[in-house]
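This is structure.pdb (PDB, C-alpha atoms, pLDDT in the B column).
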ATOM      1  CA  ASN F 173      -3.472   3.269 -20.280  1.00 62.00           C
ATOM      2  CA  ILE F 174      -4.242   2.075 -16.771  1.00 67.00           C
ATOM      3  CA  THR F 175      -7.515   0.440 -17.761  1.00 68.00           C
ATOM      4  CA  ILE F 176      -5.769  -1.937 -20.154  1.00 68.00           C
ATOM      5  CA  ILE F 177      -3.205  -2.880 -17.521  1.00 69.00           C
ATOM      6  CA  ILE F 178      -5.959  -3.519 -14.980  1.00 69.00           C
ATOM      7  CA  ASP F 179      -7.956  -5.601 -17.496  1.00 69.00           C
ATOM      8  CA  ILE F 180      -4.897  -7.732 -18.210  1.00 70.00           C
ATOM      9  CA  VAL F 181      -4.073  -8.262 -14.527  1.00 67.00           C
ATOM     10  CA  GLN F 182      -7.716  -8.909 -13.666  1.00 69.00           C
ATOM     11  CA  HIS F 183      -7.815 -11.860 -16.052  1.00 70.00           C
ATOM     12  CA  PHE F 184      -4.725 -13.560 -14.650  1.00 68.00           C
ATOM     13  CA  ASP F 185      -5.491 -16.557 -12.473  1.00 72.00           C
ATOM     14  CA  HIS F 186      -2.186 -15.854 -10.801  1.00 79.00           C
ATOM     15  CA  ILE F 187      -0.850 -12.290 -10.684  1.00 81.00           C
ATOM     16  CA  PRO F 188       2.825 -12.273 -11.642  1.00 85.00           C
ATOM     17  CA  ASP F 189       5.156 -11.178  -8.857  1.00 89.00           C
ATOM     18  CA  THR F 190       6.571  -8.475 -11.121  1.00 89.00           C
ATOM     19  CA  PHE F 191       3.160  -6.776 -11.383  1.00 87.00           C
ATOM     20  CA  VAL F 192       3.071  -6.441  -7.610  1.00 90.00           C
ATOM     21  CA  LEU F 193       6.564  -4.959  -7.786  1.00 93.00           C
ATOM     22  CA  TYR F 194       5.490  -2.489 -10.511  1.00 91.00           C
ATOM     23  CA  PHE F 195       2.532  -1.391  -8.419  1.00 90.00           C
ATOM     24  CA  LEU F 196       4.729  -0.935  -5.348  1.00 95.00           C
ATOM     25  CA  GLU F 197       7.027   1.221  -7.453  1.00 95.00           C
ATOM     26  CA  LEU F 198       4.076   3.406  -8.460  1.00 93.00           C
ATOM     27  CA  ARG F 199       3.133   3.759  -4.801  1.00 95.00           C
ATOM     28  CA  ILE F 200       6.601   5.134  -4.007  1.00 97.00           C
ATOM     29  CA  ALA F 201       5.752   8.081  -6.246  1.00 95.00           C
ATOM     30  CA  LEU F 202       2.126   8.655  -5.187  1.00 96.00           C
ATOM     31  CA  THR F 203       1.544   7.590  -1.605  1.00 98.00           C
ATOM     32  CA  PRO F 204       3.834  10.048   0.212  1.00 98.00           C
ATOM     33  CA  GLN F 205       2.099  12.943  -1.527  1.00 98.00           C
ATOM     34  CA  TYR F 206      -1.469  12.015  -0.639  1.00 98.00           C
ATOM     35  CA  VAL F 207      -0.461  10.982   2.888  1.00 98.00           C
ATOM     36  CA  LYS F 208       1.202  14.361   3.403  1.00 98.00           C
ATOM     37  CA  LYS F 209      -1.835  16.271   2.122  1.00 98.00           C
ATOM     38  CA  ALA F 210      -4.283  14.121   4.098  1.00 98.00           C
ATOM     39  CA  VAL F 211      -2.406  14.739   7.356  1.00 98.00           C
ATOM     40  CA  MET F 212      -1.967  18.428   6.536  1.00 98.00           C
ATOM     41  CA  LEU F 213      -5.645  19.006   5.757  1.00 98.00           C
ATOM     42  CA  ASN F 214      -7.484  16.370   7.819  1.00 98.00           C
ATOM     43  CA  HIS F 215      -5.237  14.862  10.467  1.00 97.00           C
ATOM     44  CA  PRO F 216      -8.060  14.037  12.946  1.00 97.00           C
ATOM     45  CA  LYS F 217      -9.793  11.968  10.243  1.00 98.00           C
ATOM     46  CA  VAL F 218      -6.502  10.274   9.350  1.00 98.00           C
ATOM     47  CA  VAL F 219      -6.099   9.297  13.008  1.00 97.00           C
ATOM     48  CA  SER F 220      -9.622   7.897  12.997  1.00 96.00           C
ATOM     49  CA  ILE F 221      -8.868   5.684   9.989  1.00 96.00           C
ATOM     50  CA  LEU F 222      -5.570   4.507  11.431  1.00 97.00           C
ATOM     51  CA  SER F 223      -7.066   3.778  14.853  1.00 95.00           C
ATOM     52  CA  GLN F 224      -8.903   0.840  13.259  1.00 94.00           C
ATOM     53  CA  VAL F 225      -5.557  -0.974  13.025  1.00 95.00           C
ATOM     54  CA  ASP F 226      -6.077  -2.265  16.572  1.00 91.00           C
ATOM     55  CA  GLU F 227      -8.895  -4.468  15.257  1.00 93.00           C
ATOM     56  CA  LEU F 228      -6.793  -5.891  12.430  1.00 95.00           C
ATOM     57  CA  ILE F 229      -6.497  -9.680  12.365  1.00 96.00           C
ATOM     58  CA  ASP F 230      -3.117 -11.053  11.289  1.00 97.00           C
ATOM     59  CA  CYS F 231      -4.112 -12.597   7.968  1.00 97.00           C
ATOM     60  CA  LYS F 232      -3.548 -11.591   4.364  1.00 97.00           C
ATOM     61  CA  GLU F 233      -7.231 -10.946   3.607  1.00 97.00           C
ATOM     62  CA  GLN F 234      -7.736  -8.594   6.546  1.00 97.00           C
ATOM     63  CA  PHE F 235      -4.537  -6.683   5.833  1.00 98.00           C
ATOM     64  CA  ALA F 236      -5.373  -6.353   2.134  1.00 97.00           C
ATOM     65  CA  LEU F 237      -8.878  -5.048   2.833  1.00 96.00           C
ATOM     66  CA  TYR F 238      -7.703  -2.672   5.558  1.00 97.00           C
ATOM     67  CA  ASP F 239      -4.868  -1.331   3.419  1.00 97.00           C
ATOM     68  CA  TRP F 240      -7.177  -0.762   0.456  1.00 97.00           C
ATOM     69  CA  LYS F 241      -9.714   1.077   2.598  1.00 96.00           C
ATOM     70  CA  MET F 242      -6.977   3.156   4.235  1.00 97.00           C
ATOM     71  CA  GLN F 243      -5.323   4.095   0.925  1.00 97.00           C
ATOM     72  CA  LYS F 244      -8.638   5.164  -0.615  1.00 97.00           C
ATOM     73  CA  GLU F 245      -9.511   7.253   2.435  1.00 98.00           C
ATOM     74  CA  LEU F 246      -6.105   8.913   2.629  1.00 98.00           C
ATOM     75  CA  ALA F 247      -6.291   9.763  -1.073  1.00 98.00           C
ATOM     76  CA  ARG F 248      -9.791  11.219  -0.563  1.00 98.00           C
ATOM     77  CA  LEU F 249      -8.652  13.204   2.485  1.00 98.00           C
ATOM     78  CA  SER F 250      -5.810  14.715   0.447  1.00 98.00           C
ATOM     79  CA  GLU F 251      -8.549  16.666  -1.347  1.00 97.00           C
ATOM     80  CA  ASN F 252      -6.820  16.061  -4.680  1.00 97.00           C
ATOM     81  CA  PRO F 253      -9.296  14.106  -6.821  1.00 96.00           C
ATOM     82  CA  ILE F 254      -6.551  12.835  -9.130  1.00 95.00           C
ATOM     83  CA  PHE F 255      -5.135  10.687  -6.316  1.00 95.00           C
ATOM     84  CA  SER F 256      -8.556   9.133  -5.678  1.00 94.00           C
ATOM     85  CA  LEU F 257      -9.244   8.603  -9.363  1.00 92.00           C
ATOM     86  CA  THR F 258      -5.852   6.963  -9.857  1.00 90.00           C
ATOM     87  CA  LEU F 259      -6.299   4.613  -6.921  1.00 91.00           C
ATOM     88  CA  ASN F 260      -9.876   3.810  -7.867  1.00 90.00           C
ATOM     89  CA  SER F 261      -8.606   2.689 -11.267  1.00 86.00           C
ATOM     90  CA  PHE F 262      -6.876  -0.165  -9.443  1.00 86.00           C
ATOM     91  CA  GLU F 263      -9.938  -1.260  -7.475  1.00 83.00           C
ATOM     92  CA  PRO F 264     -10.550  -4.450  -9.493  1.00 77.00           C
ATOM     93  CA  VAL F 265      -7.053  -5.794  -8.732  1.00 87.00           C
ATOM     94  CA  TYR F 266      -5.734  -3.923  -5.672  1.00 90.00           C
ATOM     95  CA  VAL F 267      -6.955  -6.397  -3.064  1.00 91.00           C
ATOM     96  CA  LYS F 268      -5.822  -9.343  -5.196  1.00 90.00           C
ATOM     97  CA  MET F 269      -2.298  -7.890  -5.452  1.00 91.00           C
ATOM     98  CA  ALA F 270      -2.338  -6.849  -1.790  1.00 95.00           C
ATOM     99  CA  MET F 271      -3.304 -10.353  -0.658  1.00 94.00           C
ATOM    100  CA  LYS F 272      -0.307 -11.687  -2.533  1.00 94.00           C
ATOM    101  CA  TYR F 273       1.960  -9.121  -0.835  1.00 97.00           C
ATOM    102  CA  PHE F 274       0.394  -9.641   2.602  1.00 98.00           C
ATOM    103  CA  SER F 275       0.671 -13.425   2.327  1.00 96.00           C
ATOM    104  CA  LEU F 276       4.165 -12.861   3.709  1.00 97.00           C
ATOM    105  CA  SER F 277       4.168 -12.399   7.483  1.00 97.00           C
ATOM    106  CA  PHE F 278       7.157 -10.028   7.407  1.00 97.00           C
ATOM    107  CA  CYS F 279       5.230  -7.740   5.028  1.00 97.00           C
ATOM    108  CA  ARG F 280       2.256  -7.697   7.398  1.00 98.00           C
ATOM    109  CA  LYS F 281       4.559  -6.955  10.335  1.00 98.00           C
ATOM    110  CA  ALA F 282       6.292  -4.090   8.507  1.00 98.00           C
ATOM    111  CA  SER F 283       2.954  -2.589   7.468  1.00 98.00           C
ATOM    112  CA  LEU F 284       1.487  -2.870  10.951  1.00 98.00           C
ATOM    113  CA  ASN F 285       4.495  -1.033  12.323  1.00 98.00           C
ATOM    114  CA  TYR F 286       4.051   1.638   9.630  1.00 98.00           C
ATOM    115  CA  TYR F 287       0.339   2.095  10.371  1.00 98.00           C
ATOM    116  CA  LYS F 288       1.077   2.617  14.063  1.00 97.00           C
ATOM    117  CA  LYS F 289       3.920   5.074  13.423  1.00 98.00           C
ATOM    118  CA  LEU F 290       1.790   6.974  10.921  1.00 98.00           C
ATOM    119  CA  MET F 291      -0.968   7.270  13.527  1.00 97.00           C
ATOM    120  CA  GLU F 292       1.513   8.776  16.021  1.00 97.00           C
ATOM    121  CA  VAL F 293       2.662  11.300  13.421  1.00 98.00           C
ATOM    122  CA  ALA F 294      -0.899  12.102  12.365  1.00 98.00           C
ATOM    123  CA  LEU F 295      -1.868  12.709  16.001  1.00 97.00           C
ATOM    124  CA  LYS F 296       0.703  15.523  16.021  1.00 97.00           C
ATOM    125  CA  GLY F 297      -0.453  16.795  12.635  1.00 97.00           C
ATOM    126  CA  ASP F 298       3.147  16.538  11.422  1.00 98.00           C
ATOM    127  CA  TYR F 299       2.537  16.259   7.690  1.00 98.00           C
ATOM    128  CA  GLN F 300       6.210  16.512   6.756  1.00 98.00           C
ATOM    129  CA  GLN F 301       7.115  13.572   8.952  1.00 98.00           C
ATOM    130  CA  ALA F 302       4.078  11.718   7.583  1.00 98.00           C
ATOM    131  CA  GLU F 303       5.393  12.235   4.055  1.00 98.00           C
ATOM    132  CA  GLU F 304       8.874  10.993   5.035  1.00 98.00           C
ATOM    133  CA  LEU F 305       7.443   8.001   6.854  1.00 98.00           C
ATOM    134  CA  ALA F 306       5.219   7.075   3.904  1.00 98.00           C
ATOM    135  CA  HIS F 307       8.096   7.421   1.469  1.00 98.00           C
ATOM    136  CA  SER F 308      10.335   5.283   3.657  1.00 98.00           C
ATOM    137  CA  MET F 309       7.667   2.593   3.998  1.00 98.00           C
ATOM    138  CA  MET F 310       6.874   2.527   0.290  1.00 98.00           C
ATOM    139  CA  ARG F 311      10.568   2.018  -0.474  1.00 98.00           C
ATOM    140  CA  LYS F 312      10.766  -0.670   2.219  1.00 98.00           C
ATOM    141  CA  SER F 313       7.713  -2.472   0.790  1.00 97.00           C
ATOM    142  CA  TYR F 314       9.313  -2.427  -2.633  1.00 97.00           C
ATOM    143  CA  ALA F 315      12.594  -3.769  -1.227  1.00 97.00           C
ATOM    144  CA  LEU F 316      10.843  -6.502   0.776  1.00 97.00           C
ATOM    145  CA  TRP F 317       8.915  -7.717  -2.248  1.00 97.00           C
ATOM    146  CA  ASP F 318      11.911  -7.427  -4.579  1.00 96.00           C
ATOM    147  CA  ARG F 319      14.012  -9.482  -2.156  1.00 95.00           C
ATOM    148  CA  HIS F 320      11.210 -12.048  -1.871  1.00 94.00           C
ATOM    149  CA  ILE F 321      10.883 -12.566  -5.621  1.00 92.00           C
ATOM    150  CA  SER F 322      14.666 -12.695  -6.026  1.00 90.00           C
ATOM    151  CA  THR F 323      14.807 -15.429  -3.385  1.00 84.00           C
ATOM    152  CA  GLU F 324      11.988 -17.301  -5.124  1.00 76.00           C
ATOM    153  CA  LYS F 325      13.805 -17.125  -8.479  1.00 70.00           C
ATOM    154  CA  ASN F 326      16.964 -18.486  -6.865  1.00 66.00           C
ATOM    155  CA  ARG F 327      14.995 -21.370  -5.314  1.00 67.00           C
ATOM    156  CA  MET F 328      13.542 -22.266  -8.701  1.00 67.00           C
ATOM    157  CA  ARG F 329      17.024 -22.498 -10.213  1.00 63.00           C
ATOM    158  CA  ILE F 330      18.127 -25.080  -7.660  1.00 55.00           C
TER     159      ILE F 330
END

Before we go any further, please render this structure as structure tokens.
Amino acid sequence: NITIIIDIVQHFDHIPDTFVLYFLELRIALTPQYVKKAVMLNHPKVVSILSQVDELIDCKEQFALYDWKMQKELARLSENPIFSLTLNSFEPVYVKMAMKYFSLSFCRKASLNYYKKLMEVALKGDYQQAEELAHSMMRKSYALWDRHISTEKNRMRI
């Protein structure tokens, strides 16, 4: 169950790269759905959340905290409590995993671009495009992290 996984990850001094990858894979399945519903049902509030991106400082801590806040709010705005409950299960480790992901400048840059594009789509209330954009970004995040850990493994072999 999720609680056991979270307890295990919470007690790691160093979160394994593969756990971040597993979480990103889970997000591919969930995030597009709650983003779509949030934009469909509450696009002005989605825009309000995303407008805070202009104040975002380019550092892993700020990105991790912003992303966590945004994900929780989008899940809540989807009006499906299962999305919120699922995300809230990860609260003890989400920011820790996100800081690891956002320690890479190219991950921060990709996410910033995504946040801005999602705000444009949300302004129009285009929930289908929001879903496609979220799905595309979740797959890109997975690919970026997968490529990063593959590169790291290759460096360790040398």

For this structure, which residues satisfy the selection - the PyMOL selection byres ((chain F and resi 310-317) around 7) - when it is evaluated on the file as given? I want them as a list in words.
Leu193, Leu196, Glu197, Arg199, Ile200, Ala306, His307, Ser308, Met309, Asp318, Arg319, His320 and Ile321 of chain F

Tell me which residues the PyMOL selection byres ((chain F and resi 289) around 12) grabs here, as a VMD selection string.
chain F and resid 219 222 to 223 225 282 to 288 290 to 296 298 301 to 306 308 to 309

Of the listed residues F:Lys244, F:Lys325, F:Ile229, F:Ala236, that which approaches Lys272 of chain F most closely, counting all atoms listed in the file
F:Ala236

note - atom CA of Asp185 of chain F and atom CA of Glu233 of chain F are separated by 17.1 Å

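Between atom CA of Ser256 of chain F and atom CA of Phe274 of chain F the separation is 22.4 Å.
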
Near Tyr273 of chain F, within 8 Å and counting only C-alpha atoms, which residues show up once chain neighbours fewer than 5 positions away are dropped, as a list in words?
Val192, Lys232, Cys279 and Trp317 of chain F

As lines of an AutoDock Vina configuration file, please: the centre and edge lengths in Å, to one decimal, of an axis-aligned box enclosing every listed atom of segment 275-293 of chain F with 6 Å added on each side.
center_x = 3.1
center_y = -1.1
center_z = 9.2
size_x = 20.1
size_y = 36.7
size_z = 25.7

Between atom CA of Phe195 of chain F and atom CA of Val267 of chain F, what is the spacing in Å?
12.0 Å

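This file gives the following result for the PyMOL selection byres ((chain F and resi 247) around 10): Leu202, Thr203, Gln205, Tyr206, Val207, Lys208, Lys209, Ala210, Met242, Gln243, Lys244, Glu245, Leu246, Arg248, Leu249, Ser250, Glu251, Asn252, Pro253, Ile254, Phe255, Ser256, Leu257, Thr258, Leu259 and Asn260 of chain F.
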
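Distance check against Phe262 of chain F using only C-alpha atoms: of F:Val211, F:Phe278, F:Ile180, F:Pro188, the minimum falls on F:Ile180.
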